Amino acid sequence: MSSSRRRFAVVGAALALAVPLAVNSAHAATPEAAAKSYTAAEVLAGVKKNSTDANKVNSKPHINTMTRAKNVNVYQVAKGVYAYGSGLAVDTDGSDPDPDPDHQGTTTFKDSNGKSLGAHHVPFYVLGDDCYDKKSPCPHFFYKEHGIKGRQFALMFYKSKVIGAIFGDTQTANDQDTSDNDSRELGEASVKAASLLGINSSGTEGGVDNGVTVVIFSGSDWVVNGTNANLNATAQGMVNKALDSLGASMGI
């Protein structure tokens with residue numbers, strides 16, 4: 001009930017009440033400004049704008065896993081945030097059996113219970129396992145030099161879609177009979193990641209040559225904990241936070 005609808009016989013009482021009512025009214029009229037929200041399109045445009053030679057991390061180009069072209073570069077688009085554009089080759093590794101001849105039963109990184117990540121359940125991306133050049137700093141982007149650990153969160157963009165993903169597996173130059181693996185490669189992601197992005201997720205016939213952008217958030221605050229059963233839900237639940245954080249960092 002507002003003060004204008006009450007009358008007091010004692011003027012002093014009315015004056016005593018007027019001050020706190022005025023303060024409360026002023027407080028209610030000036031709520032804290034809400035933090036700005038950013039759309040996926042706005043953030044992706046900012047990432048591409050900041051993907052310049054001045055922000056390039058690698059001095060030697062990476063290999064697009066799908067096309068084998070040496071034309072993939074990594075850029076620091078904001079403090080502690082790294083982005084690259086490539087194709088998407090489908091990784092089927094992990095706890096699920098798969099007809100893909102490259103399928104392996106384990107992944108480099110595990111869930112919080114110590115089990116290999118299931119490519120059919122967890123959206124994850126793949127980075128090189130070591131510095132191909134055996135130098136420090138590495139001429140190629142090497143995750144260990146940039147505060148990136150297993151299950152590190154990333155946004156993945158493809159056409160009009162954006163998803164949350166985690167760092168789940170690594171690419172090594174282990175010369176499998178079925179492929180020419182190379183730790184300089186970028187552009188591999190799990191069955192689940194491909195499916196969520198609307199890309200053919202078959203380990204033998206799926207993938208896409210170009211058009212995927214991966215944006216990695218470094219630091220311990222962005223390491224995702226959970227199990228094969230809930231890592232996907234947790235990662236998707238972080239998407240809006242990541243968009244808003246990156247949008248603000250880039251000042252878009």
# chains A, B, ... in the order shown; residues from 1 in each chain; ligands from 1
>>> closest_atom_pairs(of="segment 147-219 of chain A", to="segment 125-138 of chain A", cutoff="12 Å", atoms="only C-alpha atoms", output="Markdown table")
| residue | atom | partner | partner_atom | distance |
| --- | --- | --- | --- | --- |
| A:Ile148 | CA | A:Leu127 | CA | 10.4 |
| A:Lys149 | CA | A:Leu127 | CA | 10.7 |
| A:Gly150 | CA | A:Val126 | CA | 10.2 |
| A:Arg151 | CA | A:Tyr125 | CA | 9.3 |
| A:Gln152 | CA | A:Tyr125 | CA | 9.5 |
| A:Phe153 | CA | A:Tyr125 | CA | 9.5 |
| A:Ala154 | CA | A:Tyr125 | CA | 8.3 |
| A:Leu155 | CA | A:Tyr125 | CA | 10.0 |
| A:Met156 | CA | A:Tyr125 | CA | 8.9 |
| A:Ile163 | CA | A:Tyr125 | CA | 11.5 |
| A:Gly164 | CA | A:Tyr125 | CA | 10.1 |
| A:Ala165 | CA | A:Tyr125 | CA | 6.7 |
| A:Ile166 | CA | A:Tyr125 | CA | 6.2 |
| A:Phe167 | CA | A:Tyr125 | CA | 5.2 |
| A:Gly168 | CA | A:Tyr125 | CA | 6.0 |
| A:Asp169 | CA | A:Val126 | CA | 5.0 |
| A:Thr170 | CA | A:Asp129 | CA | 4.9 |
| A:Gln171 | CA | A:Gly128 | CA | 4.7 |
| A:Thr172 | CA | A:Asp129 | CA | 5.4 |
| A:Ala173 | CA | A:Tyr132 | CA | 8.5 |
| A:Asn174 | CA | A:Asp129 | CA | 10.5 |
| A:Asn181 | CA | A:Gly128 | CA | 9.8 |
| A:Asp182 | CA | A:Gly128 | CA | 7.6 |
| A:Ser183 | CA | A:Gly128 | CA | 4.2 |
| A:Arg184 | CA | A:Gly128 | CA | 5.9 |
| A:Glu185 | CA | A:Gly128 | CA | 6.4 |
| A:Leu186 | CA | A:Leu127 | CA | 6.1 |
| A:Gly187 | CA | A:Val126 | CA | 7.1 |
| A:Glu188 | CA | A:Val126 | CA | 5.4 |
| A:Ala189 | CA | A:Tyr125 | CA | 4.2 |
| A:Ser190 | CA | A:Tyr125 | CA | 6.4 |
| A:Val191 | CA | A:Tyr125 | CA | 10.0 |
| A:Lys192 | CA | A:Tyr125 | CA | 10.1 |
| A:Ala193 | CA | A:Tyr125 | CA | 7.8 |
| A:Ala194 | CA | A:Tyr125 | CA | 9.9 |
| A:Val212 | CA | A:Tyr125 | CA | 11.3 |
| A:Thr213 | CA | A:Tyr125 | CA | 11.1 |
| A:Val214 | CA | A:Tyr125 | CA | 8.3 |
| A:Val215 | CA | A:Tyr125 | CA | 10.4 |
| A:Ile216 | CA | A:Tyr125 | CA | 9.8 |
>>> write_last_selection(atoms="C-alpha atoms", output="JSON list (two decimals), in the first residue's frame")
[["chain", "number", "residue", "atom", "x", "y", "z"],
["A", 148, "ILE", "CA", 43.78, -26.21, -22.46],
["A", 149, "LYS", "CA", 43.09, -29.54, -20.77],
["A", 150, "GLY", "CA", 40.91, -32.57, -21.27],
["A", 151, "ARG", "CA", 37.16, -31.80, -21.35],
["A", 152, "GLN", "CA", 37.86, -28.12, -22.13],
["A", 153, "PHE", "CA", 34.68, -26.42, -23.31],
["A", 154, "ALA", "CA", 34.25, -25.10, -26.85],
["A", 155, "LEU", "CA", 31.51, -23.64, -28.99],
["A", 156, "MET", "CA", 31.11, -25.30, -32.38],
["A", 163, "ILE", "CA", 26.54, -26.39, -29.87],
["A", 164, "GLY", "CA", 28.66, -26.92, -26.79],
["A", 165, "ALA", "CA", 31.44, -29.52, -27.00],
["A", 166, "ILE", "CA", 34.42, -30.70, -24.96],
["A", 167, "PHE", "CA", 38.02, -31.66, -25.76],
["A", 168, "GLY", "CA", 37.78, -35.43, -25.81],
["A", 169, "ASP", "CA", 40.39, -37.04, -28.04],
["A", 170, "THR", "CA", 43.72, -36.36, -29.73],
["A", 171, "GLN", "CA", 45.16, -36.96, -33.18],
["A", 172, "THR", "CA", 48.55, -38.65, -33.34],
["A", 173, "ALA", "CA", 50.92, -39.60, -36.12],
["A", 174, "ASN", "CA", 50.51, -43.30, -35.42],
["A", 181, "ASN", "CA", 47.03, -39.55, -39.12],
["A", 182, "ASP", "CA", 49.06, -36.47, -38.29],
["A", 183, "SER", "CA", 49.15, -34.36, -35.12],
["A", 184, "ARG", "CA", 49.03, -31.21, -37.27],
["A", 185, "GLU", "CA", 45.46, -32.07, -38.25],
["A", 186, "LEU", "CA", 42.46, -30.05, -37.13],
["A", 187, "GLY", "CA", 38.82, -30.72, -37.89],
["A", 188, "GLU", "CA", 37.78, -33.97, -36.28],
["A", 189, "ALA", "CA", 34.84, -34.29, -33.89],
["A", 190, "SER", "CA", 32.63, -37.00, -32.44],
["A", 191, "VAL", "CA", 29.54, -38.67, -33.86],
["A", 192, "LYS", "CA", 27.39, -36.73, -31.37],
["A", 193, "ALA", "CA", 28.91, -33.38, -32.31],
["A", 194, "ALA", "CA", 28.29, -34.01, -36.00],
["A", 212, "VAL", "CA", 32.82, -25.62, -39.15],
["A", 213, "THR", "CA", 34.20, -23.13, -36.61],
["A", 214, "VAL", "CA", 35.51, -24.33, -33.25],
["A", 215, "VAL", "CA", 36.02, -21.77, -30.46],
["A", 216, "ILE", "CA", 37.90, -23.07, -27.40]]
>>> residues_around(residues="segment 83-96 of chain A", least_positions_apart="5", cutoff="9 Å", atoms="only C-alpha atoms", output="JSON, numbers by chain")
{"A": [47, 48, 51, 63, 64, 65, 66, 67, 71, 72, 73, 74, 75, 76, 77, 102, 103, 104, 105, 106, 107, 115, 116, 117, 118, 119, 120, 121, 124, 125, 126, 169, 186, 187, 188, 189, 190, 191, 193, 194, 199, 200, 201, 202, 203, 204, 205, 206, 207, 208, 209, 210, 211, 212, 213, 214, 215, 216]}
>>> select_by_dssp(residues="segment 174-252 of chain A", states="strand (DSSP E)", output="VMD selection string")
chain A and resid 185 to 186 188 to 190 208 to 217
>>> residues_around(residues="Ser249 of chain A", least_positions_apart="2", cutoff="8 Å", atoms="only C-alpha atoms", output="list in words")
Ala78, Lys79, Ser245, Leu246, Gly247 and Gly251 of chain A
>>> select_by_dssp(residues="segment 90-203 of chain A", states="helix (DSSP H, G or I)", output="list in words")
Tyr143, Lys144, Glu145, His146, Val191, Lys192, Ala193, Ala194, Ser195 and Leu196 of chain A
>>> atom_distance(atom1="atom CA of Val162 of chain A", atom2="atom CA of Pro101 of chain A")
29.0 Å
>>> atom_distance(atom1="atom CA of Ala45 of chain A", atom2="atom CA of Phe157 of chain A")
11.0 Å
